[in-house]
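This is start-v5.csv (CSV, C-alpha atoms).
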chain,number,residue,atom,x,y,z
A,15,ASN,CA,6.5,-8.1,-2.1
A,16,PRO,CA,7.8,-4.6,-2.9
A,17,PRO,CA,8.8,-2.1,-0.2
A,18,THR,CA,5.6,-0.8,1.4
A,19,PRO,CA,4.9,2.8,2.5
A,20,THR,CA,5.6,1.7,6.1
A,21,MET,CA,9.1,0.5,5.1
A,22,ARG,CA,10.0,3.6,3.2
A,23,GLU,CA,8.5,5.8,5.9
A,24,LYS,CA,10.5,3.9,8.5
A,25,ALA,CA,13.7,4.4,6.6
A,26,ASN,CA,12.9,8.1,6.1
A,27,THR,CA,12.2,8.5,9.8
A,28,ALA,CA,15.5,6.8,10.7
A,29,LEU,CA,17.3,9.1,8.3
A,30,ALA,CA,15.7,12.3,9.8
A,31,THR,CA,16.2,11.1,13.4
A,32,PHE,CA,19.9,10.3,12.7
A,33,ALA,CA,20.4,13.7,11.2
A,34,LEU,CA,19.2,15.3,14.4
A,35,GLU,CA,21.2,13.0,16.7
A,36,ARG,CA,24.5,13.1,14.8
A,37,PRO,CA,25.6,16.6,16.0
A,38,VAL,CA,24.9,15.5,19.6
A,39,PHE,CA,26.9,12.3,19.1
A,40,LEU,CA,29.9,14.2,17.6
A,41,ARG,CA,29.9,16.6,20.5
A,42,GLU,CA,29.7,13.9,23.1
A,43,TYR,CA,32.3,11.9,21.3
A,44,SER,CA,34.7,14.8,21.3
A,45,THR,CA,34.4,15.0,25.1
A,46,ASP,CA,35.0,11.3,25.5
A,47,HIS,CA,31.5,10.6,26.9
A,48,TYR,CA,31.1,7.5,24.7
A,49,SER,CA,32.6,5.9,21.6
A,50,VAL,CA,31.2,4.9,18.2
A,51,VAL,CA,30.4,1.3,19.0
A,52,PRO,CA,28.1,1.8,22.0
A,53,TYR,CA,26.3,4.6,20.1
A,54,VAL,CA,25.8,2.4,17.0
A,55,ILE,CA,24.7,-0.6,19.0
A,56,SER,CA,22.2,1.4,21.1
A,57,HIS,CA,20.9,3.1,18.0
A,58,LEU,CA,20.5,-0.2,16.3
A,59,TRP,CA,18.7,-1.7,19.3
A,60,GLY,CA,16.2,1.1,19.4
A,61,GLU,CA,15.5,0.9,15.7
A,62,ALA,CA,15.1,-2.9,15.8
A,63,ILE,CA,12.4,-2.6,18.5
A,64,THR,CA,10.5,0.2,16.8
A,65,THR,CA,10.8,-1.4,13.4
A,66,PHE,CA,9.6,-4.7,14.9
A,67,ALA,CA,6.5,-3.0,16.3
A,68,ALA,CA,5.7,-1.3,13.0
A,69,MET,CA,6.2,-4.4,10.9
A,70,ILE,CA,4.3,-6.7,13.1
A,71,ILE,CA,1.2,-4.5,12.9
A,72,GLN,CA,1.6,-4.1,9.1
A,73,SER,CA,2.2,-7.9,8.7
A,74,ILE,CA,-0.9,-8.8,10.7
A,75,ILE,CA,-3.1,-6.6,8.6
A,76,THR,CA,-1.6,-7.4,5.1
A,77,TYR,CA,-1.1,-11.1,5.7
A,78,PHE,CA,-4.7,-11.9,6.5
A,79,MET,CA,-6.0,-9.6,3.8
A,80,MET,CA,-4.0,-11.3,1.1
A,81,ASP,CA,-4.7,-14.9,2.3
A,82,VAL,CA,-1.2,-16.1,1.2
A,83,GLN,CA,-0.1,-19.7,1.5
A,84,MET,CA,3.2,-19.1,3.3
A,85,GLY,CA,3.3,-19.1,7.1
A,86,PHE,CA,2.9,-15.8,9.0
A,87,GLY,CA,6.4,-16.2,10.5
A,88,GLN,CA,8.0,-16.4,7.1
A,89,TYR,CA,6.0,-13.4,5.8
A,90,PHE,CA,6.9,-11.3,8.8
A,91,ALA,CA,10.5,-12.3,8.8
A,92,VAL,CA,11.1,-11.3,5.2
A,93,SER,CA,9.2,-8.0,5.7
A,94,TYR,CA,11.1,-7.2,8.9
A,95,ALA,CA,14.5,-8.1,7.3
A,96,LEU,CA,13.7,-5.8,4.3
A,97,ALA,CA,12.7,-3.0,6.5
A,98,MET,CA,15.9,-3.3,8.6
A,99,THR,CA,18.1,-3.4,5.5
A,100,SER,CA,16.3,-0.3,4.1
A,101,THR,CA,16.9,1.5,7.4
A,102,ALA,CA,20.6,0.5,7.3
A,103,VAL,CA,20.9,2.2,3.9
A,104,ALA,CA,19.2,5.3,5.3
A,105,ILE,CA,21.6,5.4,8.3
A,106,ASN,CA,24.6,4.9,6.0
A,107,LEU,CA,23.5,7.9,3.9
A,108,GLY,CA,22.8,9.9,7.1
A,109,ALA,CA,26.4,9.3,8.2
A,110,MET,CA,27.8,10.4,4.9
A,111,PHE,CA,26.1,13.8,4.5
A,112,ASP,CA,25.8,16.7,6.8
A,113,ASP,CA,22.6,18.0,5.2
A,114,PRO,CA,19.6,15.8,5.6
A,115,LYS,CA,18.2,17.0,2.3
A,116,ASN,CA,21.1,15.5,0.5
A,117,SER,CA,20.7,12.2,2.3
A,118,SER,CA,17.0,12.1,1.5
A,119,ALA,CA,17.5,12.9,-2.1
A,120,LEU,CA,20.2,10.2,-2.5
A,121,PHE,CA,18.1,7.7,-0.6
A,122,THR,CA,15.3,8.1,-3.2
A,123,LEU,CA,17.8,7.6,-6.0
A,124,ILE,CA,19.0,4.4,-4.4
A,125,VAL,CA,15.6,2.9,-3.5
A,126,VAL,CA,13.7,3.6,-6.7
A,127,PRO,CA,16.1,1.7,-9.0
A,128,GLN,CA,15.5,-1.4,-6.9
A,129,PHE,CA,12.0,-1.7,-8.5
A,130,TYR,CA,13.7,-2.0,-11.9
A,131,PHE,CA,16.8,-4.1,-11.1
A,132,SER,CA,15.3,-6.6,-8.6
A,133,GLY,CA,13.4,-8.4,-11.3
A,134,LEU,CA,10.1,-7.9,-9.6
A,135,PHE,CA,8.6,-5.5,-12.0
A,136,ILE,CA,10.8,-6.0,-15.0
A,137,ALA,CA,12.1,-9.5,-15.9
A,138,ILE,CA,15.9,-9.8,-15.4
A,139,GLU,CA,16.2,-11.0,-19.0
A,140,LEU,CA,14.8,-7.6,-20.2
A,141,ILE,CA,17.4,-5.6,-18.2
A,142,PRO,CA,20.4,-4.6,-20.3
A,143,PRO,CA,23.3,-7.0,-19.6
A,144,PHE,CA,25.7,-4.2,-18.7
A,145,VAL,CA,23.6,-3.2,-15.7
A,146,ARG,CA,22.1,-6.6,-14.9
A,147,TRP,CA,24.6,-7.1,-12.1
A,148,ALA,CA,22.8,-4.4,-10.1
A,149,GLN,CA,20.2,-7.0,-9.1
A,150,TYR,CA,22.7,-8.5,-6.6
A,151,LEU,CA,23.0,-5.1,-4.8
A,152,CYS,CA,19.3,-4.8,-4.2
A,153,SER,CA,17.8,-6.1,-1.0
A,154,LEU,CA,14.4,-6.2,-2.8
A,155,THR,CA,15.9,-8.9,-5.1
A,156,TYR,CA,16.4,-11.3,-2.2
A,157,ALA,CA,13.3,-10.3,-0.3
A,158,SER,CA,11.0,-10.9,-3.3
A,159,ARG,CA,12.7,-14.2,-4.1
A,160,LEU,CA,12.2,-15.3,-0.5
A,161,MET,CA,8.6,-14.4,-0.8
A,162,PHE,CA,8.2,-16.4,-4.0
A,163,ALA,CA,10.1,-19.3,-2.6
A,164,TYR,CA,7.9,-19.5,0.5
A,165,GLU,CA,4.7,-18.9,-1.4
A,166,PHE,CA,5.2,-21.2,-4.5
A,167,GLY,CA,7.9,-23.5,-3.3
A,168,SER,CA,5.7,-26.4,-2.1
A,169,CYS,CA,2.6,-26.7,-4.2
A,170,GLU,CA,0.4,-29.8,-4.7
A,171,ALA,CA,1.2,-32.1,-7.5
A,172,GLY,CA,-0.6,-31.5,-10.8
A,173,ALA,CA,-1.6,-28.2,-12.5
A,174,ALA,CA,-0.9,-26.2,-9.3
A,175,GLU,CA,2.6,-27.5,-9.2
A,176,GLU,CA,3.3,-26.7,-12.8
A,177,PHE,CA,2.0,-23.2,-12.3
A,178,CYS,CA,4.2,-22.7,-9.2
A,179,VAL,CA,7.3,-24.0,-11.1
A,180,ASP,CA,6.6,-21.4,-13.9
A,181,VAL,CA,6.2,-18.6,-11.4
A,182,LEU,CA,9.5,-19.5,-9.7
A,183,GLU,CA,11.4,-19.9,-13.0
A,184,ASN,CA,10.0,-16.6,-14.4
A,185,ASN,CA,11.2,-14.8,-11.2
A,186,ASN,CA,14.6,-16.5,-11.1
A,187,THR,CA,13.8,-18.1,-7.8
A,188,ASP,CA,15.1,-21.5,-6.5
A,189,PRO,CA,13.5,-22.6,-3.2
A,190,ASP,CA,16.8,-24.5,-2.4
A,191,ASP,CA,18.6,-21.1,-2.4
A,192,THR,CA,16.6,-19.5,0.5
A,193,TRP,CA,19.7,-19.7,2.7
A,194,TRP,CA,21.6,-17.7,0.1
A,195,TYR,CA,18.9,-15.1,-0.1
A,196,TRP,CA,18.9,-14.7,3.6
A,197,LEU,CA,22.7,-14.5,3.7
A,198,SER,CA,22.8,-11.9,1.0
A,199,MET,CA,20.2,-9.8,2.8
A,200,PHE,CA,22.2,-10.0,6.1
A,201,ALA,CA,25.4,-9.1,4.2
A,202,LEU,CA,23.9,-6.0,2.8
A,203,PHE,CA,22.5,-5.0,6.2
A,204,LEU,CA,25.9,-5.6,7.8
A,205,PHE,CA,27.8,-3.7,5.2
A,206,PHE,CA,25.7,-0.6,5.4
A,207,ARG,CA,25.7,-0.6,9.2
A,208,THR,CA,29.4,-1.2,9.5
A,209,ASN,CA,30.1,1.5,6.8
A,210,ALA,CA,28.0,4.0,8.7
A,211,ALA,CA,30.0,3.3,11.9
A,212,VAL,CA,33.3,3.7,10.0
A,213,ILE,CA,32.1,7.0,8.5
A,214,LEU,CA,30.9,8.3,11.9
A,215,ARG,CA,34.3,7.5,13.5
A,216,ALA,CA,36.1,9.2,10.6
A,217,LYS,CA,34.0,12.3,10.9
A,218,ALA,CA,34.3,12.3,14.7
A,219,THR,CA,38.1,12.2,14.6
A,220,TYR,CA,38.4,14.6,11.7
Whole structure given in structure tokens:
Amino acid sequence: NPPTPTMREKANTALATFALERPVFLREYSTDHYSVVPYVISHLWGEAITTFAAMIIQSIITYFMMDVQMGFGQYFAVSYALAMTSTAVAINLGAMFDDPKNSSALFTLIVVPQFYFSGLFIAIELIPPFVRWAQYLCSLTYASRLMFAYEFGSCEAGAAEEFCVDVLENNNTDPDDTWWYWLSMFALFLFFRTNAAVILRAKATY
């Protein structure tokens, strides 16, 4: 389940909004109206709500159109987590650069390689060994493996089960590792969010 237009648009919207808000925050921070932590938390809360609304609508439409076997809750949870992680990357870039154009350009350079390194479009075995490690830095890697695990992890015995096992093996997915995929997604989200807060604080006190 690759990033959909809604996920990319949500991240781009967050990036543009953050670029507009950052000068206001820096001004308010310099006058001691509020600190970095309340701003980051309130910003995150607002994004969580708007992203939830966008992803629930998208999930309702796409889930029933595709007639997948996994539960709706699983499908929505993975889609929502991927969207929030993508947004965290956008916010991190927005905190790094003063010019939104630079942030948008770099965001594209970071997102596009995920299609190649996640193993979703190109088998991991076909990726050169010296860059194969990049798969572990891609949120799409864990999101796609979660989708595969939920969709093909519990098939009926017989030919269907053999097919499911082949799909899982070809996509380097182990249904018993879903906890690891979730933990990795959360770690990426936490890293980018925390790094954005650190960068904001550094720029505010510079």
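Interatomic distance, atom CA of A:Ala163 against atom CA of A:Leu182: 7.1 Å.
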Completion exercise
Judged by all atoms listed in the file, the minimum distance to A:Asn209 among A:Tyr89, A:Ile55, A:Val103, A:Ala67 is found for A:Val103
Practice task
Determine the nearest neighbour of A:Val212 from the options A:Gln83, A:Asn106, A:Asn116, A:Ser132, counting all atoms listed in the file.
Solution key: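 Comparing A:Gln83, A:Asn106, A:Asn116, A:Ser132 against A:Val212, the winner is A:Asn106.
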Practice task
Within 12 Å of A:Leu197, counting all atoms listed in the file, which residues show up once you throw out same-chain ones fewer than 2 positions away? Write them as number ranges by chain, please.
Solution key: A: 95, 150, 153, 156-157, 160, 191-195, 199-204
Practice task
Determine the nearest neighbour of A:Asp113 from the options A:Ala210, A:Ala218, A:Leu34, A:Ala62, counting all atoms listed in the file.
Solution key: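 For A:Asp113, the nearest of the given residues is A:Leu34.
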Practice task
May I ask for the distance between atom CA of A:Val145 and atom CA of A:Phe206, given in Å to one decimal place?
Solution key: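 Those two atoms sit 21.4 Å apart.
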Handout entry: Selected residue, from A:Val54, A:Glu35, A:Thr65, A:Ser198, that lies nearest to A:Arg215 when counting all atoms listed in the file
Key =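 Among the listed residues, A:Val54 lies closest to A:Arg215.
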Exercise for the section: Choose the residue, out of A:Pro37, A:Gly87, A:Gly108, A:Gly133, that has the smallest atom-to-atom separation from A:Thr187; count all atoms listed in the file. Expected result: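 Smallest separation from A:Thr187 among the options: A:Gly133.
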Handout entry: atom CA of A:Phe90 to atom CA of A:Phe162, distance in Å rounded to a single decimal
Key =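 Between atom CA of A:Phe90 and atom CA of A:Phe162 the gap is 13.8 Å.
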Handout entry: Using only C-alpha atoms: which of A:Ala109, A:Ser49, A:Val38, A:Gln72 has the shortest distance to A:Thr208
Key = A:Ala109
Exercise for the section: Give me the residues within 9 Å of A:Leu58 as a PyMOL selection string, counting all atoms listed in the file and dropping any in the same chain fewer than 5 places off. Expected result: chain A and resi 53+63+207
Problem - Contacts of A:Asn186 within 9 Å, all atoms listed in the file, excl. fewer than 6 positions in-chain, as a list in words - result: Gly133, Ala137, Ile138 and Arg159 of chain A
